[in-house]
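For reference, the structure discussed in these notes is given below.
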Number of protein chains: 2
Amino acid sequence: MAASGVRPRRKPRDRYHHGDLRRALLDEALRTIHQDGVEALTLRTIGLALGVSRTALYRHFADKRALLSAVATEGFRMLRGRLVEVWGSGGVREFNEMGVAYVQFAIANPSHYRVMFGGFVDDGPRDEELTREGMAAFQALVDAIAALQKSADVRKDDPLQLARFIWATVHGVSMLIIDGQLSHQHAQLDDLIQFAMQRLQTGIAAGPARTRN
Amino acid sequence: MAASGVRPRRKPRDRYHHGDLRRALLDEALRTIHQDGVEALTLRTIGLALGVSRTALYRHFADKRALLSAVATEGFRMLRGRLVEVWGSGGVREFNEMGVAYVQFAIANPSHYRVMFGGFVDDGPRDEELTREGMAAFQALVDAIAALQKSADVRKDDPLQLARFIWATVHGVSMLIIDGQLSHQHAQLDDLIQFAMQRLQTGIAAGPARTRN
DNA sequence: CCTTTGATGTTGTCACTGTCAACATCAATC
DNA sequence: GATTGATGTTGACAGTGACAACATCAAAGG
């Protein structure tokens, strides 16, 4: 089943040390969150699933929040990867697809997405790596916009400001969908996403005329 | 200080019944959330603050979630009130101010806003009144858009779809600000909000030409 | 006036949570 | 081969939401 060389998820009963518990903790957290949501994530449950005691986690993370912080970090990494993948070195069309991909990521990993934003993390001083990875994901968007500005497809405002605006919109759509504030019918959701990207592009397009819609 | 006829917040020590505990519970929850955030909201704390036992709440709310649900409901009521107040029977300018007012509401009551959306509520079947009040707030936006369509200021798409799009944007801006993903400098925030509303209006404006920005 | 009764508030208790301190185990280093 | 620092465990604690059994009281009906 599993490829050779992969560490077993559970610690063998006869071994005292796990081997790569930090990684296993992260994976298990991801799994649980994806499957049962954040609120179901319990230190005891994680430990049980990994065949490890409830407090073993504290050798690898300062506390529960730190674990969630790491989860969020990984979420941003995944999101960023997906965004640059879709964008390629593309144009207006790929930009559209980027927006769609963003929302789809959120829909596909709602709990994960909520950990990334939902305020589970931001109490104390934010984790440094998390901040960095979040900014990297954001940068993917900024880069795309800058490129579209160069090709005269997007108005030449401050690209950061433009990026914040667009980010807010796709983030907003994602959140509303995730929180069930919008119809859950697939077709309607797709319509909304497409519509939003359309209006977005009209809103940020360069030149006063040219496109009719 | 308090006008006569107002029930005291705390139950007098000699009285067994509080008088209007449901209202007091709601108020206290509001207060706590506004002051210390949602995570500080504890049934025991509320009870203590009101001079009432920790479980008294269960005579008025099914459980903690139901209380938060009621809080969210009231939040939507407040938000809607503010929105229609700003809109009046206005035009493009008032529409802009509506967007600003929305975000400002979120900034002024971050924890409250998070209760309204952050997924504290939407586990079980959603509270009926909450759903209704949320839709009412949304309707305020739809109405405004419909009016702007009539005056030919906004393109004649499905007003619901337009409203969802705009809602998503202001919601997204609000969320990002609340979660500290954006700079916390007042001036910059105002700039972003204004910028977003500007781009939004360009995106949904009627007619291919007319306005240059 | 007295009794009954349903609504409202309380106490005791439970299982569960995150966290810490003290201890156990082990792998690597001198 | 002893030492030691990293890693995992056990016991304990205070705090949480929730439930069941009980207490108190106001209002309704006689």
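Numbering starts fresh at 1 for the residues of each chain in the structure tokens, the chains themselves are lettered A, B, ... in the order given, and ligands are numbered from 1 as they appear.
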
Contact residues around DT10 of chain C with only C-alpha atoms (C1' of nucleotides) at 10 Å, ignoring same-chain residues under 5 positions, as a PyMOL selection string: (chain B and resi 16+52-56) or (chain D and resi 22-24)

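What chain B places within 12 Å of chain C, counting only C-alpha atoms (C1' of nucleotides), is Lys11, Arg15, Tyr16, His17, His18, Gly19, Asp20, Leu21, Arg22, Gly47, Gly51, Val52, Ser53, Arg54, Thr55, Ala56, Leu57, Tyr58, Arg59 and His60 of chain B.
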
For C-alpha atoms, I'd like the residues from the last selection saved as a PDB file, in the first residue's frame.
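Output file part-v1.pdb follows:
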ATOM      1  CA  LYS B  11     -29.682  40.301  39.924  1.00  0.00           C
ATOM      2  CA  ARG B  15     -34.247  38.128  44.598  1.00  0.00           C
ATOM      3  CA  TYR B  16     -34.388  34.625  43.269  1.00  0.00           C
ATOM      4  CA  HIS B  17     -35.617  35.516  39.828  1.00  0.00           C
ATOM      5  CA  HIS B  18     -33.829  38.028  37.693  1.00  0.00           C
ATOM      6  CA  GLY B  19     -36.730  39.493  35.807  1.00  0.00           C
ATOM      7  CA  ASP B  20     -35.396  39.750  32.314  1.00  0.00           C
ATOM      8  CA  LEU B  21     -32.486  37.379  32.254  1.00  0.00           C
ATOM      9  CA  ARG B  22     -32.679  36.607  28.572  1.00  0.00           C
ATOM     10  CA  GLY B  47     -23.356  34.135  35.084  1.00  0.00           C
ATOM     11  CA  GLY B  51     -25.011  37.573  39.692  1.00  0.00           C
ATOM     12  CA  VAL B  52     -26.632  34.426  38.472  1.00  0.00           C
ATOM     13  CA  SER B  53     -25.532  30.812  38.430  1.00  0.00           C
ATOM     14  CA  ARG B  54     -23.561  29.317  35.569  1.00  0.00           C
ATOM     15  CA  THR B  55     -26.430  27.232  34.254  1.00  0.00           C
ATOM     16  CA  ALA B  56     -29.209  29.782  34.485  1.00  0.00           C
ATOM     17  CA  LEU B  57     -28.596  30.427  30.833  1.00  0.00           C
ATOM     18  CA  TYR B  58     -30.076  27.078  29.896  1.00  0.00           C
ATOM     19  CA  ARG B  59     -33.550  28.293  30.773  1.00  0.00           C
ATOM     20  CA  HIS B  60     -33.325  30.829  27.977  1.00  0.00           C
TER      21      HIS B  60
END

Produce a table with one row for each residue of chain D that has an atom at most 9 Å from any atom of chain A, each row naming the nearest atom pair and its distance in Å at one decimal; use only C-alpha atoms (C1' of nucleotides); arrange rows by chain and rising residue number; format as CSV.
residue,atom,partner,partner_atom,distance
D:DA6,C1',A:Arg59,CA,8.7
D:DT7,C1',A:His17,CA,6.7
D:DG8,C1',A:Ala56,CA,5.8
D:DT9,C1',A:Ser53,CA,6.6

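Residue-level contacts from chain B to chain A at 6 Å, counting only C-alpha atoms, read Gly119, Phe165, Ala168, Thr169, His171, Gly172, Val173, Asp179, Ala196, Arg199, Leu200, Thr202, Gly203, Pro208 and Arg212 of chain B.
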
Keeping only all heavy atoms, write the selected residues to a file as a JSON list (two decimals), in the first residue's frame.
[["chain", "number", "residue", "atom", "x", "y", "z"],
["B", 119, "GLY", "N", -18.27, 31.15, 11.52],
["B", 119, "GLY", "CA", -18.47, 29.73, 11.63],
["B", 119, "GLY", "C", -18.64, 29.25, 13.05],
["B", 119, "GLY", "O", -18.48, 28.08, 13.34],
["B", 165, "PHE", "N", -21.83, 39.72, -5.29],
["B", 165, "PHE", "CA", -20.46, 40.13, -5.66],
["B", 165, "PHE", "C", -19.97, 41.27, -4.77],
["B", 165, "PHE", "O", -18.87, 41.21, -4.20],
["B", 165, "PHE", "CB", -20.46, 40.55, -7.13],
["B", 165, "PHE", "CG", -19.23, 41.29, -7.55],
["B", 165, "PHE", "CD1", -17.97, 40.73, -7.43],
["B", 165, "PHE", "CD2", -19.34, 42.58, -8.08],
["B", 165, "PHE", "CE1", -16.84, 41.43, -7.83],
["B", 165, "PHE", "CE2", -18.22, 43.28, -8.48],
["B", 165, "PHE", "CZ", -16.97, 42.71, -8.35],
["B", 168, "ALA", "N", -19.53, 40.18, -1.18],
["B", 168, "ALA", "CA", -18.29, 39.42, -1.02],
["B", 168, "ALA", "C", -17.10, 40.36, -0.88],
["B", 168, "ALA", "O", -16.21, 40.14, -0.05],
["B", 168, "ALA", "CB", -18.09, 38.48, -2.20],
["B", 169, "THR", "N", -17.09, 41.41, -1.68],
["B", 169, "THR", "CA", -15.94, 42.31, -1.64],
["B", 169, "THR", "C", -15.83, 43.04, -0.30],
["B", 169, "THR", "O", -14.78, 43.03, 0.35],
["B", 169, "THR", "CB", -16.01, 43.33, -2.78],
["B", 169, "THR", "OG1", -16.04, 42.64, -4.03],
["B", 169, "THR", "CG2", -14.81, 44.24, -2.75],
["B", 171, "HIS", "N", -17.20, 42.25, 2.43],
["B", 171, "HIS", "CA", -16.97, 41.22, 3.44],
["B", 171, "HIS", "C", -15.50, 40.82, 3.46],
["B", 171, "HIS", "O", -14.89, 40.68, 4.52],
["B", 171, "HIS", "CB", -17.85, 40.00, 3.16],
["B", 171, "HIS", "CG", -17.66, 38.88, 4.13],
["B", 171, "HIS", "ND1", -17.84, 39.02, 5.48],
["B", 171, "HIS", "CD2", -17.30, 37.58, 3.94],
["B", 171, "HIS", "CE1", -17.61, 37.86, 6.08],
["B", 171, "HIS", "NE2", -17.28, 36.97, 5.17],
["B", 172, "GLY", "N", -14.95, 40.63, 2.30],
["B", 172, "GLY", "CA", -13.55, 40.26, 2.21],
["B", 172, "GLY", "C", -12.63, 41.32, 2.79],
["B", 172, "GLY", "O", -11.73, 41.02, 3.58],
["B", 173, "VAL", "N", -12.87, 42.54, 2.43],
["B", 173, "VAL", "CA", -12.08, 43.64, 2.99],
["B", 173, "VAL", "C", -12.20, 43.62, 4.51],
["B", 173, "VAL", "O", -11.19, 43.68, 5.23],
["B", 173, "VAL", "CB", -12.54, 45.00, 2.44],
["B", 173, "VAL", "CG1", -11.84, 46.13, 3.16],
["B", 173, "VAL", "CG2", -12.27, 45.09, 0.94],
["B", 179, "ASP", "N", -8.72, 40.27, 10.57],
["B", 179, "ASP", "CA", -7.75, 39.22, 10.86],
["B", 179, "ASP", "C", -6.32, 39.72, 10.84],
["B", 179, "ASP", "O", -5.38, 38.95, 10.97],
["B", 179, "ASP", "CB", -7.91, 38.07, 9.86],
["B", 179, "ASP", "CG", -9.12, 37.22, 10.20],
["B", 179, "ASP", "OD1", -9.59, 37.32, 11.34],
["B", 179, "ASP", "OD2", -9.57, 36.47, 9.33],
["B", 196, "ALA", "N", -11.34, 50.31, -3.12],
["B", 196, "ALA", "CA", -12.17, 49.16, -3.44],
["B", 196, "ALA", "C", -13.54, 49.59, -3.95],
["B", 196, "ALA", "O", -14.03, 49.08, -4.97],
["B", 196, "ALA", "CB", -12.32, 48.26, -2.21],
["B", 199, "ARG", "N", -13.22, 50.93, -7.57],
["B", 199, "ARG", "CA", -13.07, 49.86, -8.57],
["B", 199, "ARG", "C", -14.36, 49.07, -8.71],
["B", 199, "ARG", "O", -14.74, 48.65, -9.80],
["B", 199, "ARG", "CB", -11.93, 48.92, -8.17],
["B", 199, "ARG", "CG", -10.54, 49.52, -8.19],
["B", 199, "ARG", "CD", -10.18, 50.06, -9.54],
["B", 199, "ARG", "NE", -10.34, 51.48, -9.63],
["B", 199, "ARG", "CZ", -11.00, 52.10, -10.59],
["B", 199, "ARG", "NH1", -11.60, 51.42, -11.54],
["B", 199, "ARG", "NH2", -11.10, 53.40, -10.62],
["B", 200, "LEU", "N", -15.00, 48.87, -7.56],
["B", 200, "LEU", "CA", -16.27, 48.16, -7.56],
["B", 200, "LEU", "C", -17.27, 48.86, -8.47],
["B", 200, "LEU", "O", -17.92, 48.24, -9.31],
["B", 200, "LEU", "CB", -16.80, 48.11, -6.12],
["B", 200, "LEU", "CG", -17.48, 46.85, -5.65],
["B", 200, "LEU", "CD1", -16.72, 45.63, -6.08],
["B", 200, "LEU", "CD2", -17.62, 46.87, -4.14],
["B", 202, "THR", "N", -16.75, 50.98, -10.83],
["B", 202, "THR", "CA", -16.38, 50.87, -12.24],
["B", 202, "THR", "C", -16.79, 49.51, -12.78],
["B", 202, "THR", "O", -17.28, 49.39, -13.91],
["B", 202, "THR", "CB", -14.86, 51.04, -12.40],
["B", 202, "THR", "OG1", -14.47, 52.29, -11.85],
["B", 202, "THR", "CG2", -14.46, 50.99, -13.87],
["B", 203, "GLY", "N", -16.62, 48.50, -11.96],
["B", 203, "GLY", "CA", -16.92, 47.15, -12.40],
["B", 203, "GLY", "C", -18.38, 46.90, -12.65],
["B", 203, "GLY", "O", -18.74, 46.06, -13.48],
["B", 208, "PRO", "N", -20.97, 51.59, -21.52],
["B", 208, "PRO", "CA", -19.58, 51.29, -21.80],
["B", 208, "PRO", "C", -18.64, 52.48, -21.56],
["B", 208, "PRO", "O", -17.48, 52.29, -21.28],
["B", 208, "PRO", "CB", -19.57, 50.92, -23.28],
["B", 208, "PRO", "CG", -20.79, 51.58, -23.84],
["B", 208, "PRO", "CD", -21.76, 51.79, -22.74],
["B", 212, "ARG", "N", -14.50, 58.23, -16.78],
["B", 212, "ARG", "CA", -13.13, 57.93, -17.21],
["B", 212, "ARG", "C", -12.38, 57.07, -16.22],
["B", 212, "ARG", "O", -11.42, 56.40, -16.54],
["B", 212, "ARG", "CB", -12.40, 59.26, -17.46],
["B", 212, "ARG", "CG", -10.98, 59.12, -17.95],
["B", 212, "ARG", "CD", -10.56, 60.40, -18.61],
["B", 212, "ARG", "NE", -11.63, 60.89, -19.48],
["B", 212, "ARG", "CZ", -11.65, 60.66, -20.80],
["B", 212, "ARG", "NH1", -10.69, 59.98, -21.36],
["B", 212, "ARG", "NH2", -12.63, 61.12, -21.53]]

Per-residue DSSP, segment 30-60 of chain A, filtered to alpha helix (DSSP H), as a PyMOL selection string: chain A and resi 30-36+43-50

Straight-line distance linking atom CA of Ala163 of chain A with atom CA of Leu148 of chain A, stated in Å to one decimal: 11.7 Å

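Residues in contact range of Leu50 of chain A, defined as at most 8 Å between only C-alpha atoms (C1' of nucleotides), with sequence neighbours fewer than 2 positions away removed, read Arg9, Arg10, Lys11, Ala24, Leu25, Glu28, Ile46, Gly47, Leu48 and Val52 of chain A.
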
Exercise: Gln194 of chain B partners within 9 Å, only C-alpha atoms (C1' of nucleotides), chain neighbours under 6 positions left out, as a PyMOL selection string: chain B and resi 96+99-100

Among the residues B:Val115, B:Arg132, B:Ala40, B:Phe138, the one that comes closest to Leu79 of chain B [using only C-alpha atoms]: B:Phe138

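Relative to atom C1' of DT16 of chain D, atom CA of Pro110 of chain A is found at 26.2 Å.
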